[in-house]
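Participant: What follows is the file final-v4.txt, containing compact mmCIF, C-alpha atoms and all ligand atoms:
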# COMPACT_ATOMS: atom_id res chain seq x y z
CA MET A 1208 16.14 -21.36 17.11
CA LYS A 1209 14.61 -24.11 15.03
CA ASN A 1210 11.15 -23.30 13.82
CA ILE A 1211 8.32 -25.79 14.30
CA TYR A 1212 7.37 -25.20 10.67
CA SER A 1213 9.81 -27.02 8.45
CA ASN A 1214 9.16 -24.65 5.55
CA ILE A 1215 10.24 -21.47 7.41
CA TYR A 1216 13.94 -20.71 7.10
CA ASN A 1217 16.26 -18.32 8.89
CA PRO A 1218 17.69 -15.86 6.41
CA ASN A 1219 21.34 -16.83 7.02
CA SER A 1220 23.76 -17.12 4.13
CA ILE A 1221 23.33 -20.89 3.77
CA ASN A 1222 19.57 -20.47 3.40
CA LEU A 1223 19.90 -17.45 1.13
CA ASN A 1224 22.05 -19.60 -1.14
CA LYS A 1225 19.39 -22.31 -1.00
CA ALA A 1226 16.78 -19.73 -2.01
CA LYS A 1227 19.04 -18.61 -4.84
CA LYS A 1228 19.30 -22.21 -6.12
CA ILE A 1229 15.53 -22.67 -5.98
CA ILE A 1230 15.02 -19.50 -8.00
CA GLU A 1231 17.68 -20.52 -10.50
CA ASN A 1232 15.75 -23.76 -10.93
CA ASN A 1233 12.66 -21.69 -11.78
CA SER A 1234 10.81 -22.63 -8.63
CA VAL A 1235 9.41 -20.21 -6.06
CA VAL A 1236 10.30 -18.97 -2.57
CA VAL A 1237 8.56 -16.57 -0.23
CA ILE A 1238 10.54 -13.47 0.67
CA PRO A 1239 9.96 -10.84 3.33
CA THR A 1240 9.64 -7.22 2.24
CA GLU A 1241 9.01 -4.08 4.27
CA THR A 1242 5.42 -3.93 2.97
CA VAL A 1243 4.14 -7.53 2.90
CA TYR A 1244 5.64 -10.95 2.16
CA GLY A 1245 6.01 -11.81 -1.53
CA LEU A 1246 5.80 -15.07 -3.49
CA ALA A 1247 8.92 -14.75 -5.61
CA GLY A 1248 10.29 -16.37 -8.74
CA ASN A 1249 12.57 -15.61 -11.69
CA ALA A 1250 10.81 -12.81 -13.59
CA TYR A 1251 12.49 -13.91 -16.84
CA SER A 1252 11.13 -17.44 -16.63
CA ASN A 1253 7.68 -18.44 -17.90
CA THR A 1254 7.95 -21.64 -15.86
CA ALA A 1255 8.58 -19.81 -12.60
CA VAL A 1256 5.94 -17.20 -13.23
CA LYS A 1257 3.30 -19.80 -14.13
CA LYS A 1258 3.95 -21.45 -10.76
CA ILE A 1259 3.25 -18.15 -9.01
CA PHE A 1260 -0.06 -17.66 -10.83
CA LYS A 1261 -1.09 -21.23 -10.11
CA LEU A 1262 -0.23 -21.19 -6.39
CA LYS A 1263 -2.08 -17.92 -5.88
CA ASN A 1264 -4.99 -18.92 -8.09
CA ARG A 1265 -4.41 -15.56 -9.77
CA SER A 1266 -6.05 -14.39 -12.98
CA SER A 1267 -3.62 -14.47 -15.89
CA LEU A 1268 -4.79 -10.92 -16.71
CA ASN A 1269 -3.37 -9.55 -13.47
CA PRO A 1270 0.30 -8.60 -13.99
CA LEU A 1271 3.00 -9.13 -11.34
CA ILE A 1272 5.40 -6.59 -9.82
CA VAL A 1273 9.04 -7.16 -10.76
CA HIS A 1274 11.58 -6.54 -7.98
CA PHE A 1275 15.12 -5.29 -8.59
CA ASN A 1276 18.09 -4.59 -6.37
CA ASN A 1277 18.95 -1.23 -7.93
CA LEU A 1278 18.45 1.20 -10.78
CA LYS A 1279 21.19 -0.25 -12.95
CA ASP A 1280 19.66 -3.72 -12.80
CA SER A 1281 16.30 -2.42 -14.03
CA ASN A 1282 17.75 -0.43 -16.93
CA LYS A 1283 17.65 -3.32 -19.37
CA ASP A 1284 13.97 -3.97 -18.85
CA VAL A 1285 12.18 -0.63 -18.56
CA VAL A 1286 12.33 2.85 -20.09
CA PHE A 1287 13.33 5.45 -17.50
CA ASN A 1288 11.86 8.95 -17.41
CA ASP A 1289 12.50 12.10 -15.35
CA SER A 1290 9.70 11.56 -12.86
CA PHE A 1291 10.89 8.04 -12.21
CA LEU A 1292 14.48 9.11 -11.66
CA LYS A 1293 13.44 11.89 -9.27
CA LEU A 1294 11.26 9.57 -7.22
CA TYR A 1295 13.80 6.77 -7.27
CA LYS A 1296 16.54 9.03 -5.93
CA ILE A 1297 14.55 10.02 -2.87
CA LEU A 1298 12.28 7.07 -2.15
CA CYS A 1299 14.18 3.95 -3.15
CA PRO A 1300 14.74 1.40 -1.95
CA GLY A 1301 11.30 1.69 -0.42
CA PRO A 1302 7.57 0.94 -0.51
CA ILE A 1303 6.73 2.33 -3.96
CA THR A 1304 6.05 0.61 -7.29
CA PHE A 1305 6.46 2.33 -10.64
CA ILE A 1306 4.60 1.50 -13.84
CA LEU A 1307 6.95 2.14 -16.74
CA ASN A 1308 7.11 1.15 -20.40
CA LYS A 1309 8.78 -2.15 -21.06
CA LYS A 1310 11.84 -2.16 -23.31
CA LYS A 1311 11.55 -4.16 -26.52
CA LYS A 1312 14.62 -6.15 -25.57
CA SER A 1313 13.40 -6.88 -22.05
CA LYS A 1314 13.56 -10.51 -21.00
CA ILE A 1315 10.71 -10.18 -18.50
CA SER A 1316 8.26 -13.00 -19.07
CA LYS A 1317 5.20 -11.86 -21.03
CA ILE A 1318 3.14 -14.02 -18.72
CA ALA A 1319 4.49 -12.07 -15.71
CA ASN A 1320 3.23 -8.78 -17.02
CA ALA A 1321 0.05 -10.20 -18.56
CA LYS A 1322 1.19 -9.27 -22.08
CA LYS A 1323 1.09 -5.56 -21.24
CA ARG A 1324 3.53 -3.12 -22.77
CA THR A 1325 4.19 -1.73 -19.31
CA VAL A 1326 5.88 -3.24 -16.27
CA ALA A 1327 5.45 -2.58 -12.56
CA ILE A 1328 8.85 -2.39 -10.90
CA ARG A 1329 9.85 -2.06 -7.29
CA PHE A 1330 13.06 -1.85 -5.22
CA PRO A 1331 12.25 -3.34 -1.81
CA LYS A 1332 14.05 -2.07 1.25
CA HIS A 1333 13.96 -5.17 3.45
CA LYS A 1334 17.49 -6.40 4.09
CA VAL A 1335 16.69 -10.04 3.33
CA ALA A 1336 15.00 -9.23 0.02
CA ARG A 1337 17.95 -7.05 -0.93
CA ARG A 1338 20.54 -9.62 0.03
CA LEU A 1339 18.78 -12.23 -2.09
CA LEU A 1340 18.33 -9.87 -5.07
CA LYS A 1341 22.02 -9.01 -4.89
CA LYS A 1342 22.99 -12.67 -5.18
CA LEU A 1343 20.78 -13.19 -8.22
CA LYS A 1344 21.35 -12.32 -11.86
CA VAL A 1345 17.63 -12.04 -12.50
CA PRO A 1346 14.86 -9.84 -11.07
CA LEU A 1347 12.11 -11.36 -8.95
CA ALA A 1348 8.46 -11.35 -9.93
CA ALA A 1349 6.70 -11.23 -6.57
CA PRO A 1350 3.05 -10.62 -5.84
CA SER A 1351 1.90 -10.64 -2.25
CA ALA A 1352 2.16 -14.17 -0.84
CA ASN A 1353 -1.54 -14.85 -0.40
CA ILE A 1354 -4.27 -16.64 -2.30
CA SER A 1355 -5.89 -14.18 -4.73
CA SER A 1356 -8.52 -11.91 -3.18
CA LYS A 1357 -7.40 -12.82 0.35
CA LEU A 1358 -5.38 -11.02 3.04
CA SER A 1359 -1.72 -10.28 2.39
CA PRO A 1360 0.73 -11.85 4.85
CA THR A 1361 2.83 -9.67 7.13
CA SER A 1362 4.78 -12.49 8.81
CA SER A 1363 6.09 -15.91 7.84
CA LEU A 1364 3.40 -17.57 9.96
CA ASP A 1365 0.74 -15.69 7.97
CA VAL A 1366 2.18 -17.29 4.83
CA VAL A 1367 1.73 -20.72 6.42
CA ASP A 1368 -1.81 -19.70 7.41
CA GLU A 1369 -2.51 -18.85 3.75
CA PHE A 1370 -0.87 -21.76 1.95
CA LYS A 1371 -0.50 -24.42 4.66
CA GLY A 1372 2.23 -26.80 3.46
CA LYS A 1373 1.95 -25.86 -0.21
CA ILE A 1374 4.94 -23.55 -0.11
CA LYS A 1375 8.20 -25.28 0.53
CA PHE A 1376 10.56 -22.41 1.24
CA ILE A 1377 9.77 -19.27 3.24
CA LEU A 1378 12.57 -16.90 4.22
CA ASP A 1379 11.72 -15.43 7.60
CA GLY A 1380 12.24 -11.69 7.86
CA GLY A 1381 10.19 -10.95 10.97
CA LYS A 1382 7.10 -8.79 10.93
CA SER A 1383 6.68 -6.53 7.91
CA LYS A 1384 7.51 -3.00 9.01
CA ILE A 1385 4.77 -1.29 7.01
CA GLY A 1386 2.20 -4.07 6.74
CA LEU A 1387 0.36 -2.73 3.65
CA GLU A 1388 1.33 -3.11 0.00
CA SER A 1389 3.44 -0.51 -1.79
CA THR A 1390 2.02 2.65 -3.33
CA ILE A 1391 1.65 2.09 -7.09
CA ILE A 1392 2.27 5.04 -9.39
CA ASP A 1393 1.76 4.97 -13.14
CA LEU A 1394 4.49 7.04 -14.80
CA THR A 1395 3.75 6.11 -18.41
CA GLN A 1396 1.61 9.27 -18.63
CA ARG A 1397 0.85 12.15 -16.26
CA PRO A 1398 1.68 10.61 -12.86
CA ARG A 1399 -1.31 8.82 -11.38
CA ILE A 1400 -1.58 6.79 -8.23
CA LEU A 1401 -3.23 3.42 -8.88
CA ARG A 1402 -2.93 2.06 -5.35
CA PRO A 1403 -2.41 4.22 -2.25
CA GLY A 1404 0.21 3.15 0.28
CA PHE A 1405 2.73 4.38 2.82
CA ILE A 1406 4.21 6.87 0.33
CA THR A 1407 1.49 9.52 0.16
CA PRO A 1408 0.36 11.61 -2.85
CA GLU A 1409 1.54 14.72 -0.96
CA LYS A 1410 5.05 13.34 -0.70
CA ILE A 1411 5.12 12.40 -4.38
CA SER A 1412 3.73 15.78 -5.44
CA LYS A 1413 6.41 17.52 -3.41
CA ILE A 1414 9.20 15.57 -5.10
CA LEU A 1415 7.78 15.96 -8.61
CA LYS A 1416 6.67 19.54 -7.98
CA LYS A 1417 3.32 18.75 -9.57
CA LYS A 1418 -0.05 17.44 -8.52
CA VAL A 1419 -0.57 13.72 -8.86
CA LYS A 1420 -3.95 12.23 -9.60
CA ILE A 1421 -5.35 9.44 -7.49
CA ILE A 1422 -7.36 6.95 -9.49
CA LYS A 1423 -10.30 5.73 -7.46
CA GLN A 1424 -12.39 3.69 -9.86
CA VAL A 1425 -11.25 2.95 -13.35
CA LYS A 1426 -13.46 1.88 -16.20
CA LYS A 1427 -10.78 -0.10 -17.90
CA ILE A 1428 -8.97 -2.01 -15.17
CA LYS A 1429 -5.38 -0.83 -14.87
CA SER A 1430 -4.65 -2.86 -11.78
CA PRO A 1431 -7.08 -5.76 -11.74
CA GLY A 1432 -7.25 -5.57 -7.95
CA GLN A 1433 -9.06 -2.27 -8.37
CA LEU A 1434 -12.61 -3.48 -8.81
CA LYS A 1435 -13.50 -6.81 -7.32
CA LEU A 1436 -13.29 -8.19 -3.80
CA HIS A 1437 -9.71 -8.04 -2.58
CA TYR A 1438 -7.72 -8.11 0.67
CA SER A 1439 -10.55 -10.16 2.17
CA PRO A 1440 -10.44 -12.16 5.41
CA GLY A 1441 -13.19 -14.36 3.93
CA ILE A 1442 -16.03 -13.01 6.09
CA PRO A 1443 -18.34 -10.02 5.42
CA ILE A 1444 -17.05 -6.58 6.38
CA LYS A 1445 -19.11 -3.42 6.88
CA ILE A 1446 -17.15 -0.19 6.94
CA ASN A 1447 -17.59 3.41 8.12
CA THR A 1448 -20.19 2.48 10.71
CA GLU A 1449 -20.56 2.17 14.46
CA LYS A 1450 -23.66 -0.01 14.16
CA SER A 1451 -22.89 -3.57 15.09
CA THR A 1452 -24.94 -6.57 16.03
CA GLN A 1453 -24.16 -9.29 18.52
CA GLY A 1454 -21.44 -11.61 17.33
CA ASP A 1455 -19.72 -9.02 15.13
CA ALA A 1456 -16.06 -8.27 15.63
CA VAL A 1457 -15.67 -4.48 15.82
CA ILE A 1458 -12.58 -2.68 14.58
CA GLY A 1459 -11.88 0.83 15.79
CA PHE A 1460 -9.16 3.39 16.15
CA GLY A 1461 -7.91 5.82 18.82
CA LYS A 1462 -8.31 6.44 22.55
CA LYS A 1463 -12.07 6.69 22.60
CA PHE A 1464 -12.67 3.19 21.26
CA LYS A 1465 -13.95 1.12 24.19
CA ILE A 1466 -12.15 -2.00 25.35
CA LYS A 1467 -14.44 -5.02 24.94
CA LYS A 1468 -13.90 -8.68 24.14
CA ASN A 1469 -15.05 -8.36 20.53
CA HIS A 1470 -13.34 -4.96 20.04
CA PHE A 1471 -10.05 -4.65 18.18
CA ASN A 1472 -8.22 -1.32 18.28
CA LEU A 1473 -5.92 -0.67 15.32
CA SER A 1474 -4.06 2.00 17.29
CA LYS A 1475 -4.80 3.17 20.81
CA ASN A 1476 -2.62 6.24 20.25
CA GLY A 1477 -4.49 7.15 17.12
CA SER A 1478 -1.44 6.59 14.91
CA LEU A 1479 -2.39 5.87 11.32
CA ILE A 1480 1.00 4.28 10.68
CA GLU A 1481 0.42 1.86 13.55
CA ALA A 1482 -3.14 1.24 12.37
CA ALA A 1483 -1.90 0.38 8.86
CA ASN A 1484 0.58 -2.02 10.36
CA ASN A 1485 -2.10 -3.71 12.42
CA LEU A 1486 -4.78 -3.93 9.73
CA TYR A 1487 -4.09 -7.30 8.05
CA LYS A 1488 -2.87 -8.82 11.31
CA THR A 1489 -6.12 -7.86 13.03
CA LEU A 1490 -8.35 -9.05 10.18
CA ARG A 1491 -6.49 -12.37 10.15
CA LYS A 1492 -6.80 -12.72 13.93
CA ILE A 1493 -10.54 -12.03 13.76
CA LYS A 1494 -11.02 -14.62 11.02
CA ASN A 1495 -9.02 -17.22 12.95
CA ARG A 1496 -11.01 -16.61 16.14
CA GLY A 1497 -14.12 -17.70 14.28
CA PHE A 1498 -16.06 -14.43 14.06
CA LYS A 1499 -18.63 -14.48 11.26
CA SER A 1500 -18.66 -10.77 10.38
CA ILE A 1501 -16.77 -7.55 10.95
CA VAL A 1502 -17.82 -3.96 11.48
CA VAL A 1503 -15.25 -1.21 11.07
CA ASN A 1504 -15.66 2.27 12.56
CA LYS A 1505 -14.64 5.24 10.44
CA ILE A 1506 -10.87 5.58 9.98
CA PRO A 1507 -9.54 9.07 9.09
CA ASN A 1508 -9.06 9.24 5.32
CA ILE A 1509 -5.79 11.15 5.33
CA LYS A 1510 -2.18 10.15 4.66
CA ILE A 1511 -1.75 6.38 5.08
CA GLY A 1512 -5.37 6.32 6.27
CA MET A 1513 -6.23 6.52 2.57
CA ALA A 1514 -4.42 3.24 2.00
CA ILE A 1515 -6.21 1.66 4.97
CA ASN A 1516 -9.59 2.80 3.63
CA ASP A 1517 -8.72 1.65 0.12
CA ARG A 1518 -8.05 -1.90 1.39
CA LEU A 1519 -11.09 -1.94 3.68
CA ASN A 1520 -13.28 -0.68 0.89
CA LYS A 1521 -12.21 -3.53 -1.38
CA ALA A 1522 -12.42 -6.07 1.43
CA SER A 1523 -16.04 -5.02 1.99
CA LYS A 1524 -17.07 -5.63 -1.65
CA LYS A 1525 -19.19 -8.67 -2.36
O1 LIG A 1601 4.19 -4.13 -1.60
C1 LIG A 1601 4.01 -4.72 -2.65
O2 LIG A 1601 3.85 -4.13 -3.73
C2 LIG A 1601 3.98 -6.27 -2.60
C3 LIG A 1601 5.39 -6.76 -2.25
C4 LIG A 1601 5.52 -8.25 -2.23
O3 LIG A 1601 6.32 -6.18 -3.12
N1 LIG A 1601 3.53 -6.82 -3.84
C5 LIG A 1601 2.25 -6.71 -4.25
O4 LIG A 1601 1.98 -7.39 -5.43
O5 LIG A 1601 1.40 -6.12 -3.65
P1 LIG A 1601 0.50 -7.74 -5.93
O6 LIG A 1601 0.68 -8.61 -7.12
O7 LIG A 1601 -0.26 -8.31 -4.82
O8 LIG A 1601 -0.07 -6.38 -6.40
C6 LIG A 1601 0.44 -5.82 -7.58
C7 LIG A 1601 -0.54 -4.90 -8.20
C8 LIG A 1601 -1.72 -5.62 -8.81
O9 LIG A 1601 -2.91 -4.96 -8.45
C9 LIG A 1601 -1.46 -5.49 -10.31
O10 LIG A 1601 -2.64 -5.42 -11.04
C10 LIG A 1601 -0.66 -4.21 -10.40
O11 LIG A 1601 0.14 -4.23 -9.27
N2 LIG A 1601 0.19 -4.17 -11.60
C11 LIG A 1601 1.22 -4.97 -11.92
N3 LIG A 1601 1.72 -4.66 -13.14
C12 LIG A 1601 0.98 -3.63 -13.60
C13 LIG A 1601 0.99 -2.86 -14.81
N4 LIG A 1601 1.86 -3.10 -15.77
N5 LIG A 1601 0.08 -1.89 -14.93
C14 LIG A 1601 -0.82 -1.63 -13.94
N6 LIG A 1601 -0.89 -2.32 -12.78
C15 LIG A 1601 0.00 -3.31 -12.61
MG MG A 1602 -1.81 -8.69 -3.61
Represent the structure from my file as structure tokens, please.
Ligand code: TXA
Ligand code: MG
Facilitator:
Amino acid sequence: MKNIYSNIYNPNSINLNKAKKIIENNSVVVIPTETVYGLAGNAYSNTAVKKIFKLKNRSSLNPLIVHFNNLKDSNKDVVFNDSFLKLYKILCPGPITFILNKKKKSKISKIANAKKRTVAIRFPKHKVARRLLKKLKVPLAAPSANISSKLSPTSSLDVVDEFKGKIKFILDGGKSKIGLESTIIDLTQRPRILRPGFITPEKISKILKKKVKIIKQVKKIKSPGQLKLHYSPGIPIKINTEKSTQGDAVIGFGKKFKIKKNHFNLSKNGSLIEAANNLYKTLRKIKNRGFKSIVVNKIPNIKIGMAINDRLNKASKK
């Protein structure tokens, strides 16, 4: 089926080869991943990486995640350690990002990792991302394909909603299965979670056989997304409350949440996984319907609910 948007492409082999060419020319493409869509370019190229920062209007201090197809491919760029290898074996490819020390010989653009001595690396599971990575000789720097501080896209149409015609090549990979960004774990010291996600601290602790810390607020920003407004639909959000005023869109969760015109249920069955998947979609829908403010009822702060609350918390900052 031909898409009405001329910048959305079916991920067939002809188009994957086109994407490969674009990346080899140090331009950018949008790729689907199982978490959210990513704005991808050659991680070894300053030219490509600069384009990513510019399109997103991203601070040059905020480093990008570098995506690889497999362990072997990442070996030349980062220093492995035991915790990483244990987690990789069980969780990868999958929705987890590791902060590791960068090798001296690494060719990763210094601009991509904001001149840090560490690099965030990830092995996405989505078939299309993997097929493209396999064709390439370089890793892909890919932040979420949204304008900085705004909602991450979980479908190719969301990417169009974010960037309008500014992005020329979007590989369509359907709806993102998870719908929230990867869990980020810093393994350059005692394991610490910098961003909660689908992979929970419990799961990581079980694999590593030790407790992992969850960093809530950091004084020195490790992940620049940690402090300021982020994941925002562009309208005010109040969280953890049932108090709403007329004209608010109300987000809730579970069976007891009443059906009303301005009510949006993240999961009627009370599934946190479903709620996580619906979060960005729902916020985007509410914004596009013209609501001026959002009220969110309390969402259980367990398992992936922690990731939902993390994003809502940041989206509610001023
Ligand atoms: O699921 C995901 O991780 C998606 C998909 C596309 O892979 N990507 C994503 O990228 O969420 P982005 O750029 O939106 O978020 C990356 C986060 C940022 O908060 C950044 O500060 C942090 O990772 N980060 C990157 N490199 C880092 C480093 N060396 N140390 C600490 N944090 C780092
Ligand atoms: Mg992002």
Participant: Taking all atoms listed in the file into account, list the residues no farther than 7 Å from ligand LIG 1601 (chain A), as a short mmCIF file (atom, residue, chain, number, x, y, z; two decimals) with C-alpha atoms, keeping the file's coordinate frame.
Facilitator:
data_model
loop_
_atom_site.label_atom_id
_atom_site.label_comp_id
_atom_site.auth_asym_id
_atom_site.auth_seq_id
_atom_site.Cartn_x
_atom_site.Cartn_y
_atom_site.Cartn_z
CA THR A 1240 9.64 -7.22 2.24
CA THR A 1242 5.42 -3.93 2.97
CA VAL A 1243 4.14 -7.53 2.90
CA TYR A 1244 5.64 -10.95 2.16
CA GLY A 1245 6.01 -11.81 -1.53
CA LEU A 1246 5.80 -15.07 -3.49
CA ASN A 1269 -3.37 -9.55 -13.47
CA PRO A 1270 0.30 -8.60 -13.99
CA LEU A 1271 3.00 -9.13 -11.34
CA ILE A 1272 5.40 -6.59 -9.82
CA PRO A 1302 7.57 0.94 -0.51
CA THR A 1304 6.05 0.61 -7.29
CA ILE A 1306 4.60 1.50 -13.84
CA ASN A 1320 3.23 -8.78 -17.02
CA LYS A 1323 1.09 -5.56 -21.24
CA THR A 1325 4.19 -1.73 -19.31
CA VAL A 1326 5.88 -3.24 -16.27
CA ALA A 1327 5.45 -2.58 -12.56
CA ARG A 1329 9.85 -2.06 -7.29
CA PRO A 1331 12.25 -3.34 -1.81
CA ALA A 1349 6.70 -11.23 -6.57
CA PRO A 1350 3.05 -10.62 -5.84
CA SER A 1351 1.90 -10.64 -2.25
CA ALA A 1352 2.16 -14.17 -0.84
CA LEU A 1387 0.36 -2.73 3.65
CA GLU A 1388 1.33 -3.11 0.00
CA SER A 1389 3.44 -0.51 -1.79
CA ILE A 1391 1.65 2.09 -7.09
CA LYS A 1429 -5.38 -0.83 -14.87
CA SER A 1430 -4.65 -2.86 -11.78
CA PRO A 1431 -7.08 -5.76 -11.74
CA GLY A 1432 -7.25 -5.57 -7.95
CA GLN A 1433 -9.06 -2.27 -8.37
#
Participant: For ligand MG 1602 (chain A), which residue out of A:Ile1400, A:Pro1507, A:Ser1359, A:Gly1512 is the nearest one, using all atoms listed in the file?
Facilitator: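 The closest residue to ligand MG 1602 (chain A) is A:Ser1359.
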Participant: Each side padded by 6 Å, which centre and which edge lengths in Å (one decimal) define the axis-aligned box around the listed atoms of range 1346-1362 of chain A? Give them as AutoDock Vina command-line options.
Facilitator:
--center_x 3.2 --center_y -13.2 --center_z -1.1 --size_x 35.4 --size_y 19.0 --size_z 31.9
Participant: Counting only C-alpha atoms, what is within 7 Å of Leu1378 in chain A, bar same-chain residues fewer than 3 positions away, as a list of chain:residue names?
Facilitator: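 So the residues in contact are A:Ile1215, A:Tyr1216, A:Asn1217, A:Pro1218, A:Val1237, A:Ile1238, A:Pro1239.
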Participant: Extract, using only C-alpha atoms, all DNA, RNA and protein residues at most 10 Å from range 1438-1452 of chain A, discarding same-chain residues fewer than 6 positions from it, and format them as a ChimeraX atom specification.
Facilitator: /A:1353-1359,1432,1458-1459,1487,1489-1495,1497-1507,1516-1525
Participant: With C-alpha atoms retained, write the just-selected residues as a tab-separated table (two decimals), in the coordinates of the input.
Facilitator:
chain	number	residue	atom	x	y	z
A	1353	ASN	CA	-1.54	-14.85	-0.40
A	1354	ILE	CA	-4.27	-16.64	-2.30
A	1355	SER	CA	-5.89	-14.18	-4.73
A	1356	SER	CA	-8.52	-11.91	-3.18
A	1357	LYS	CA	-7.40	-12.82	0.35
A	1358	LEU	CA	-5.38	-11.02	3.04
A	1359	SER	CA	-1.72	-10.28	2.39
A	1432	GLY	CA	-7.25	-5.57	-7.95
A	1458	ILE	CA	-12.58	-2.68	14.58
A	1459	GLY	CA	-11.88	0.83	15.79
A	1487	TYR	CA	-4.09	-7.30	8.05
A	1489	THR	CA	-6.12	-7.86	13.03
A	1490	LEU	CA	-8.35	-9.05	10.18
A	1491	ARG	CA	-6.49	-12.37	10.15
A	1492	LYS	CA	-6.80	-12.72	13.93
A	1493	ILE	CA	-10.54	-12.03	13.76
A	1494	LYS	CA	-11.02	-14.62	11.02
A	1495	ASN	CA	-9.02	-17.22	12.95
A	1497	GLY	CA	-14.12	-17.70	14.28
A	1498	PHE	CA	-16.06	-14.43	14.06
A	1499	LYS	CA	-18.63	-14.48	11.26
A	1500	SER	CA	-18.66	-10.77	10.38
A	1501	ILE	CA	-16.77	-7.55	10.95
A	1502	VAL	CA	-17.82	-3.96	11.48
A	1503	VAL	CA	-15.25	-1.21	11.07
A	1504	ASN	CA	-15.66	2.27	12.56
A	1505	LYS	CA	-14.64	5.24	10.44
A	1506	ILE	CA	-10.87	5.58	9.98
A	1507	PRO	CA	-9.54	9.07	9.09
A	1516	ASN	CA	-9.59	2.80	3.63
A	1517	ASP	CA	-8.72	1.65	0.12
A	1518	ARG	CA	-8.05	-1.90	1.39
A	1519	LEU	CA	-11.09	-1.94	3.68
A	1520	ASN	CA	-13.28	-0.68	0.89
A	1521	LYS	CA	-12.21	-3.53	-1.38
A	1522	ALA	CA	-12.42	-6.07	1.43
A	1523	SER	CA	-16.04	-5.02	1.99
A	1524	LYS	CA	-17.07	-5.63	-1.65
A	1525	LYS	CA	-19.19	-8.67	-2.36
Participant: So how many Å separate CA of Ala1255 in chain A and CA of Tyr1295 in chain A, to one decimal?
Facilitator: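 Rounded to one decimal, the two atoms are 27.6 Å apart.
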Participant: Would you kindly identify which residues have an atom no farther than 10 Å from (-1.1, 11.0, -14.6), using only C-alpha atoms and the file's own coordinates, and write them out as a VMD selection string?
Facilitator: chain A and resid 1392 to 1401 1418 to 1422
Participant: For Ile1297 in chain A, list every protein, DNA or RNA residue within 10 Å, evaluated using only C-alpha atoms, and leave out those in the same chain fewer than 4 positions away; present the list as a ChimeraX atom specification.
Facilitator: /A:1292-1293,1301,1411,1414
Participant: So that I can check the surroundings of Val1236 in chain A, please list as a PyMOL selection string every protein, DNA and RNA residue that reaches within 9 Å of it, counting all atoms listed in the file and ignoring chain neighbours fewer than 2 positions away.
Facilitator: chain A and resi 1226+1229-1230+1234+1238+1245-1248+1374-1378
Participant: One decimal, in Å: what's the spacing between CA of Asp1379 in chain A and CA of Ala1482 in chain A?
Facilitator: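 Taking CA of Asp1379 in chain A as the start and CA of Ala1482 in chain A as the end point, the length is 22.8 Å.
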Participant: Choose the residue, out of A:Asn1469, A:Ser1474, A:Gln1453, A:Asn1264, that has the smallest atom-to-atom separation from ligand MG 1602 (chain A); count all atoms listed in the file.
Facilitator: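 Using all atoms listed in the file, the shortest distance to ligand MG 1602 (chain A) belongs to A:Asn1264.
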Participant: Using all atoms listed in the file, what residues lie at most 6 Å away from (4.1, 2.6, 1.2) (file coordinates), given as an MDAnalysis selection string?
Facilitator: chainID A and resid 1302:1303 1389:1390 1404:1406
Participant: Please compute the CA of Arg1496 in chain A-CA of Arg1265 in chain A distance, one decimal, in Å.
Facilitator: 26.8 Å
Participant: Of the candidates A:Leu1340, A:Asp1284, A:Thr1407, A:Phe1260, which one gets nearest to ligand MG 1602 (chain A) if we count all atoms listed in the file?
Facilitator: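 Nearest candidate to ligand MG 1602 (chain A) out of A:Leu1340, A:Asp1284, A:Thr1407, A:Phe1260: A:Phe1260.
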Participant: Which residue is closest to Ala1336 in chain A? Choose from A:Pro1408, A:Gly1372, A:Gly1477, A:Pro1300 and count all atoms listed in the file.
Facilitator: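 Of all the options, A:Pro1300 lies closest to Ala1336 in chain A.
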Participant: Using only C-alpha atoms, pick whichever of A:Asn1476, A:Asn1224, A:Ser1383, A:Asn1277 has the shortest atom-to-atom distance to Ile1328 in chain A.
Facilitator: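 Selected residue with least distance to Ile1328 in chain A: A:Asn1277.
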